[in-house]
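Asks: Structure file target-v3.txt, compact mmCIF, C-alpha atoms and all ligand atoms, is pasted below:
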```
# COMPACT_ATOMS: atom_id res chain seq x y z
CA MET A 20 93.20 95.71 80.78
CA THR A 21 95.74 93.69 78.75
CA VAL A 22 96.14 90.92 81.38
CA PHE A 23 99.46 89.76 79.95
CA GLY A 24 102.31 92.26 80.15
CA GLY A 25 105.63 91.36 78.52
CA ALA A 26 107.95 92.95 75.98
CA LEU A 27 105.18 94.34 73.79
CA LYS A 28 103.49 96.04 76.71
CA ASN A 29 106.70 97.43 78.14
CA ILE A 30 107.57 98.98 74.77
CA GLY A 31 104.10 99.99 73.61
CA MET A 32 102.98 101.50 76.87
CA GLY A 33 106.35 102.22 78.47
CA CYS A 34 107.89 104.00 75.49
CA ALA A 35 104.74 105.89 74.52
CA SER A 36 104.46 109.59 75.17
CA ARG A 37 102.00 110.78 77.80
CA GLU A 38 99.62 111.57 74.97
CA GLY A 39 100.14 108.09 73.55
CA LYS A 40 99.43 106.46 76.90
CA LEU A 41 96.21 108.43 77.24
CA SER A 42 95.19 107.57 73.71
CA GLN A 43 95.68 103.87 74.41
CA HIS A 44 93.54 103.98 77.56
CA SER A 45 91.04 106.63 76.63
CA ASN A 46 88.21 104.46 75.38
CA CYS A 47 88.34 102.21 78.44
CA ALA A 48 86.43 104.25 81.02
CA PRO A 49 84.82 101.87 83.51
CA VAL A 50 81.14 101.95 84.47
CA VAL A 51 79.47 102.30 87.87
CA ASP A 52 76.67 99.96 88.86
CA PRO A 53 74.23 102.39 90.50
CA GLY A 54 72.56 99.51 92.34
CA GLY A 55 75.82 98.57 94.06
CA CYS A 56 77.22 102.03 94.79
CA VAL A 57 76.82 103.34 98.34
CA ALA A 58 78.39 106.74 97.54
CA CYS A 59 81.29 106.23 99.94
CA GLY A 60 83.65 108.26 97.73
CA GLU A 61 86.61 105.87 97.89
CA CYS A 62 86.84 105.71 94.10
CA ALA A 63 87.00 109.49 93.77
CA LEU A 64 89.84 109.64 96.30
CA ASP A 65 91.85 107.17 94.20
CA CYS A 66 91.14 108.75 90.81
CA PRO A 67 94.26 110.48 89.43
CA ALA A 68 92.22 112.38 86.83
CA ASN A 69 89.55 113.79 89.16
CA SER A 70 86.99 112.30 86.84
CA ILE A 71 84.53 110.92 89.43
CA ASP A 72 81.73 112.97 90.99
CA ILE A 73 79.94 111.65 94.04
CA GLY A 74 76.27 112.46 94.33
CA ALA A 75 73.59 109.93 95.15
CA VAL A 76 75.97 107.51 93.41
CA ALA A 77 79.39 107.84 91.77
CA VAL A 78 79.41 109.17 88.22
CA ILE A 79 82.45 108.83 85.94
CA ASN A 80 83.12 111.58 83.44
CA ASP A 81 84.22 109.67 80.33
CA LYS A 82 85.84 112.76 78.84
CA LEU A 83 88.25 113.16 81.77
CA CYS A 84 88.84 109.46 82.52
CA ILE A 85 92.24 108.13 81.44
CA GLY A 86 91.18 104.49 81.87
CA CYS A 87 93.75 103.64 84.54
CA GLY A 88 91.38 101.28 86.38
CA HIS A 89 92.33 102.44 89.88
CA CYS A 90 88.71 103.04 90.83
CA ILE A 91 87.85 99.41 90.05
CA ALA A 92 90.34 98.26 92.67
CA ALA A 93 89.37 101.00 95.12
CA CYS A 94 85.65 100.28 95.28
CA PRO A 95 84.89 98.19 98.40
CA GLU A 96 81.46 97.29 97.00
CA GLY A 97 82.70 95.93 93.69
CA ALA A 98 80.42 98.45 91.99
CA ILE A 99 82.83 99.62 89.28
CA ASN A 100 83.62 97.41 86.35
CA VAL A 101 85.44 97.45 83.05
CA ARG A 102 83.16 97.75 80.04
CA TRP A 103 83.58 94.19 78.91
CA ASP A 104 83.03 94.86 75.25
CA GLU A 105 85.85 95.15 72.77
CA THR A 106 87.64 98.00 74.53
CA THR A 107 90.31 95.80 76.06
CA THR A 108 91.05 94.31 72.64
CA ARG A 109 91.26 97.78 71.10
CA LEU A 110 93.59 98.93 73.89
CA GLN A 111 95.90 96.01 73.12
CA GLU A 112 95.80 96.77 69.42
CA LYS A 113 96.66 100.41 70.01
CA MET A 114 99.41 99.40 72.41
CA VAL A 115 101.01 97.21 69.75
CA GLU A 116 100.65 99.95 67.15
CA HIS A 117 102.72 102.10 69.51
CA VAL A 118 105.33 99.31 69.58
CA LYS A 119 105.53 99.60 65.80
CA GLY A 120 106.19 103.31 66.14
CA ALA A 121 108.72 102.95 68.96
CA LEU A 122 110.74 100.40 66.97
CA ALA A 123 110.61 102.26 63.64
CA GLY A 124 114.14 102.76 62.37
CA LYS A 125 115.59 100.34 64.93
CA GLU A 126 114.73 97.10 63.13
CA GLY A 127 117.28 94.36 63.80
CA ARG A 128 119.04 96.39 66.49
CA CYS A 129 116.95 95.51 69.56
CA ILE A 130 117.08 92.68 72.05
CA TYR A 131 114.30 91.94 74.51
CA ILE A 132 114.88 90.54 78.00
CA THR A 133 112.01 89.50 80.25
CA PHE A 134 112.29 88.48 83.90
CA ILE A 135 109.50 85.98 84.57
CA SER A 136 109.40 86.34 88.32
CA ASP A 137 106.80 87.57 90.81
CA VAL A 138 104.10 86.97 88.22
CA SER A 139 101.32 88.97 89.81
CA PRO A 140 97.66 89.24 88.85
CA ALA A 141 97.41 93.00 88.31
CA CYS A 142 99.23 95.81 86.55
CA ASP A 143 102.20 97.58 88.15
CA CYS A 144 100.26 100.86 87.91
CA TYR A 145 98.19 99.66 90.86
CA GLY A 146 99.18 100.96 94.26
CA HIS A 147 99.53 97.44 95.62
CA THR A 148 100.76 94.06 94.55
CA ASP A 149 99.35 90.61 95.19
CA ALA A 150 100.66 87.10 95.67
CA PRO A 151 102.32 85.54 92.59
CA ILE A 152 100.11 83.06 90.74
CA VAL A 153 102.95 80.74 89.59
CA PRO A 154 106.51 79.99 90.79
CA ASP A 155 109.36 82.15 89.50
CA ILE A 156 110.49 80.80 86.12
CA GLY A 157 113.62 82.62 84.99
CA ILE A 158 114.84 85.06 82.37
CA VAL A 159 114.13 84.87 78.64
CA ALA A 160 115.80 86.80 75.84
CA SER A 161 115.11 87.18 72.14
CA THR A 162 115.48 89.52 69.20
CA ASP A 163 111.78 88.97 68.39
CA PRO A 164 109.34 90.86 70.68
CA VAL A 165 106.43 88.64 69.68
CA ALA A 166 108.23 85.33 70.09
CA ILE A 167 109.52 86.31 73.54
CA ASP A 168 106.01 87.19 74.70
CA GLN A 169 104.55 83.97 73.30
CA ALA A 170 107.31 81.96 74.98
CA SER A 171 106.85 83.83 78.27
CA ALA A 172 103.10 83.21 78.25
CA ASP A 173 103.60 79.54 77.39
CA LEU A 174 106.15 79.14 80.22
CA VAL A 175 103.73 80.68 82.71
CA ASN A 176 100.86 78.52 81.51
CA ALA A 177 103.02 75.38 81.70
CA GLU A 178 103.41 75.83 85.46
CA GLU A 179 101.05 74.56 88.12
CA GLY A 180 99.28 77.62 89.48
CA PHE A 181 99.29 78.53 93.15
CA LYS A 182 96.09 77.95 95.06
CA ASN A 183 94.65 80.61 97.37
CA THR A 184 95.67 83.39 94.99
CA ALA A 185 93.83 85.53 92.46
CA LEU A 186 93.97 82.54 90.11
CA THR A 187 90.46 81.06 90.00
CA ALA A 188 90.83 78.55 87.14
CA GLY A 189 93.47 76.93 84.96
CA HIS A 190 95.68 75.84 87.88
CA GLU A 191 96.74 72.68 86.11
CA PRO A 192 99.95 72.69 84.02
CA GLY A 193 98.92 73.92 80.57
CA GLY A 194 95.88 75.77 81.93
CA ASP A 195 95.45 79.38 80.81
CA LYS A 196 96.62 81.35 83.84
CA PHE A 197 95.72 84.69 82.27
CA ARG A 198 92.11 83.76 81.66
CA GLY A 199 92.23 82.11 85.06
CA VAL A 200 92.60 85.58 86.58
CA HIS A 201 90.73 87.71 84.02
CA PRO A 202 88.35 85.38 82.15
CA LYS A 203 86.70 88.06 80.04
CA VAL A 204 89.80 89.53 78.41
CA ASP A 205 91.35 88.04 75.27
CA TRP A 206 95.01 88.65 76.19
CA GLU A 207 96.20 87.09 72.92
CA ALA A 208 94.79 90.04 70.94
CA GLN A 209 98.11 91.89 71.41
CA LEU A 210 100.08 88.99 69.90
CA GLU A 211 97.71 88.67 66.96
CA ARG A 212 97.96 92.39 66.15
CA ALA A 213 101.75 92.28 66.49
CA VAL A 214 101.96 89.51 63.90
CA GLU A 215 99.65 91.47 61.58
CA LEU A 216 101.99 94.46 61.86
CA GLY A 217 105.03 92.33 61.04
CA LEU A 218 106.66 92.82 64.43
CA GLY A 219 107.59 89.16 64.78
CA LYS A 220 106.34 85.61 64.94
CA ARG A 221 104.51 83.58 67.56
CA LEU A 222 106.65 80.55 66.68
CA TYR A 223 109.90 80.09 68.57
CA THR A 224 112.52 77.59 69.66
CA LEU A 225 113.37 77.67 73.34
CA GLU A 226 117.06 77.13 74.12
CA ARG A 227 117.78 76.65 77.80
CA VAL A 228 121.17 77.87 79.05
S1 LIG B 301 89.64 104.55 85.40
FE1 LIG B 301 91.12 105.89 86.48
S2 LIG B 301 90.79 107.92 85.59
FE2 LIG B 301 88.97 106.69 85.04
S3 LIG B 301 87.51 107.10 86.65
FE3 LIG B 301 88.64 105.26 87.28
S4 LIG B 301 90.34 106.02 88.58
FE4 LIG B 301 89.51 107.79 87.42
S1 LIG B 302 83.96 103.36 95.79
FE1 LIG B 302 82.27 102.15 94.94
S2 LIG B 302 80.62 102.35 96.45
FE2 LIG B 302 82.10 103.99 96.90
S3 LIG B 302 81.34 105.78 95.71
FE3 LIG B 302 82.80 104.72 94.39
S4 LIG B 302 81.51 103.31 93.16
FE4 LIG B 302 80.27 103.97 94.90
```
Could you render the structure as C-alpha cells?
Replies:
Amino acid sequence: MTVFGGALKNIGMGCASREGKLSQHSNCAPVVDPGGCVACGECALDCPANSIDIGAVAVINDKLCIGCGHCIAACPEGAINVRWDETTTRLQEKMVEHVKGALAGKEGRCIYITFISDVSPACDCYGHTDAPIVPDIGIVASTDPVAIDQASADLVNAEEGFKNTALTAGHEPGGDKFRGVHPKVDWEAQLERAVELGLGKRLYTLERV
C-alpha cells in the first residue's frame, strides 16, 4: 500500500494504536473482479477480519475490512485488486500524520536507524517473504526521519536491481525500484506530506563511515 517502508512507516504505523492502524487502512478495501473469481474461498480463509463472504463470487464487506491486503496475495486467480485511486496516497498521508503525533513533545530527542538489507517487495505483514530486489546496502542513521527515508530510497534506487525477482522495471542503477515493483503507487506521497508537516527535509548529506 505504501510500497516504501522506512523510518516514517515504522513510526507512523508501528507506533500507532490499534485504532490508529485501522484508521490508516480503513479506506483501502480491495475489490473483487467477479469475472475472475472462481469462488474457491482462499481469500476468506486468509482474511483476519472475517470480512469476505463466498457466494457465487467473493464479496468484501467494506465496513469490516481493515485493508490489510492479505486477500490480494491469497487469491490464486489474481481476482482481488487494490482500488488504484487515491487511497494509497491517503493512507500514506494518514500514516505520516500519525508520525507527527507520535513525535509530538519529543522534537530533537530522536534518532532514526534503518537497516537497508533484505529489501523485499512486499510488506512484513504478509505471511511470506520474497527474494530481495537489490543487494544489501548497509545501515543509515539520522536525526531527520524524512532525510533518512529519502537517502534510503535513493540508495536502493542507485543499485542495479536483481533479475528474476518481483522487480519488473527500473533494474538499471538510478531506476525507480519501488515503481518497478508497484507501478501504480506514488510512494513519494509519504515524503511530500512529511515535509508539509515540518517533520524534516528531503535534502541530506550522506557521510560514509
Ligand atoms: S484487505 Fe484484509 S481485511 Fe480486507 S478483505 Fe482483504 S484480507 Fe480481509
Ligand atoms: S481467492 Fe480469488 S478466486 Fe478464490 S474466492 Fe477469493 S477472490 Fe474468488
Asks: Would you list the residues that come within 6 Å of ligand LIG 302 (chain B)? Count all atoms listed in the file and give the answer as a list of chain:residue names.
Replies: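 The residues within 6 Å of ligand LIG 302 (chain B), counting all atoms listed in the file, are A:Val51, A:Cys56, A:Val57, A:Ala58, A:Cys59, A:Gly60, A:Glu61, A:Cys62, A:Val76, A:Ala77, A:Ala93, A:Cys94, A:Pro95, A:Glu96, A:Ala98, A:Ile99.
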Asks: Please provide as a VMD selection string all residues within 12 Å of Thr106 in chain A, with the sequence filter that same-chain residues fewer than 4 positions apart are discarded (counting all atoms listed in the file).
Replies: chain A and resid 20 to 21 43 to 49 86 101 to 102 110 to 113 203 to 205 208
Asks: Would you give me, as CSV, each residue of chain A having an atom within 8 Å of an atom of ligand LIG 301 (chain B), along with its shortest atom pair and that distance in Å to one decimal, using all atoms listed in the file and sorting by chain and residue number?
Replies:
```
residue,atom,partner,partner_atom,distance
A:Cys47,CA,B:LIG301,S1,7.5
A:Ala48,CA,B:LIG301,FE2,5.3
A:Pro49,CA,B:LIG301,S1,5.8
A:Cys62,CA,B:LIG301,S4,6.5
A:Ala63,CA,B:LIG301,FE4,7.0
A:Asp65,CA,B:LIG301,S4,5.9
A:Cys66,CA,B:LIG301,S4,3.6
A:Pro67,CA,B:LIG301,S2,5.8
A:Ala68,CA,B:LIG301,S2,4.8
A:Asn69,CA,B:LIG301,FE4,6.2
A:Ser70,CA,B:LIG301,FE4,5.2
A:Ile71,CA,B:LIG301,S3,5.6
A:Ile79,CA,B:LIG301,S3,5.4
A:Asn80,CA,B:LIG301,S3,7.0
A:Asp81,CA,B:LIG301,FE2,7.3
A:Leu83,CA,B:LIG301,S2,7.0
A:Cys84,CA,B:LIG301,FE2,3.7
A:Ile85,CA,B:LIG301,S2,4.4
A:Gly86,CA,B:LIG301,S1,3.9
A:Cys87,CA,B:LIG301,FE1,4.0
A:Gly88,CA,B:LIG301,S1,3.8
A:His89,CA,B:LIG301,S4,4.3
A:Cys90,CA,B:LIG301,S4,4.1
A:Ile91,CA,B:LIG301,FE3,6.5
```
Asks: What does the distance between CA of Ala92 in chain A and CA of Ala150 in chain A come to in Å, to one decimal place?
Replies: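 It comes out at 15.5 Å.
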Asks: Ranking A:Gly97, A:Gly146, A:Gly120, A:Gly55 by minimum distance to Cys34 in chain A and counting all atoms listed in the file, which one comes first?
Replies: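 The shortest atom-to-atom distance to Cys34 in chain A comes from A:Gly120.
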Asks: If you measure from CA of Val228 in chain A to CA of Ala170 in chain A, what distance in Å do you get, rounded to one decimal?
Replies: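 According to the coordinates, CA of Val228 in chain A and CA of Ala170 in chain A are separated by 15.0 Å.
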Asks: Quick one: distance from CA of Val200 in chain A to CA of Ile152 in chain A in Å, one decimal?
Replies: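 Between CA of Val200 in chain A and CA of Ile152 in chain A the gap works out to 8.9 Å.
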Asks: Quick one: of A:Leu216, A:Met114, A:Val153, A:Val159, who's nearest to Ile132 in chain A, counting all atoms listed in the file?
Replies: A:Val159
Asks: So, counting all atoms listed in the file, which residue among A:Lys82, A:Lys196, A:Arg37, A:Arg212 is closest to Val118 in chain A?
Replies: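 Result for the nearest residue to Val118 in chain A: A:Arg212.
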Asks: Rank A:Gly24, A:His147, A:Val214, A:Arg221 by their smallest atom-to-atom distance to Val175 in chain A, using all atoms listed in the file, and report the top residue only.
Replies: A:Gly24
Asks: Which residue out of A:Gly74, A:Leu174, A:Ala26, A:Gly194 has the minimum interatomic distance to Ser161 in chain A when only C-alpha atoms are used?
Replies: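 Ranked by minimum distance to Ser161 in chain A, first place goes to A:Ala26.
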Asks: My list of candidates is A:Gly157, A:Gly124, A:Pro192, A:Pro140. Which is closest to Ser171 in chain A when distances are computed with all atoms listed in the file?
Replies: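 Looking only at the distances to Ser171 in chain A, the closest residue turns out to be A:Gly157.
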Asks: Need to verify the contact set: Leu122 in chain A, 10 Å, all atoms listed in the file, exclusion of same-chain residues closer than 5 positions in sequence. Can you return it as a CSV table (one decimal) with C-alpha atoms, keeping the file's coordinate frame?
Replies:
```csv
chain,number,residue,atom,x,y,z
A,30,ILE,CA,107.6,99.0,74.8
A,31,GLY,CA,104.1,100.0,73.6
A,34,CYS,CA,107.9,104.0,75.5
A,117,HIS,CA,102.7,102.1,69.5
A,127,GLY,CA,117.3,94.4,63.8
A,128,ARG,CA,119.0,96.4,66.5
A,129,CYS,CA,117.0,95.5,69.6
A,218,LEU,CA,106.7,92.8,64.4
```
Asks: Excluding same-chain residues fewer than 5 positions from Phe197 in chain A, what lies within 8 Å of it counting only C-alpha atoms, as a VMD selection string?
Replies: chain A and resid 22 to 23 202 206
Asks: What residues have an atom no more than 6 Å from (105.7, 84.6, 87.2) in the file's own frame, counting all atoms listed in the file, and can you write them as a ChimeraX atom specification?
Replies: /A:135-138,153-155
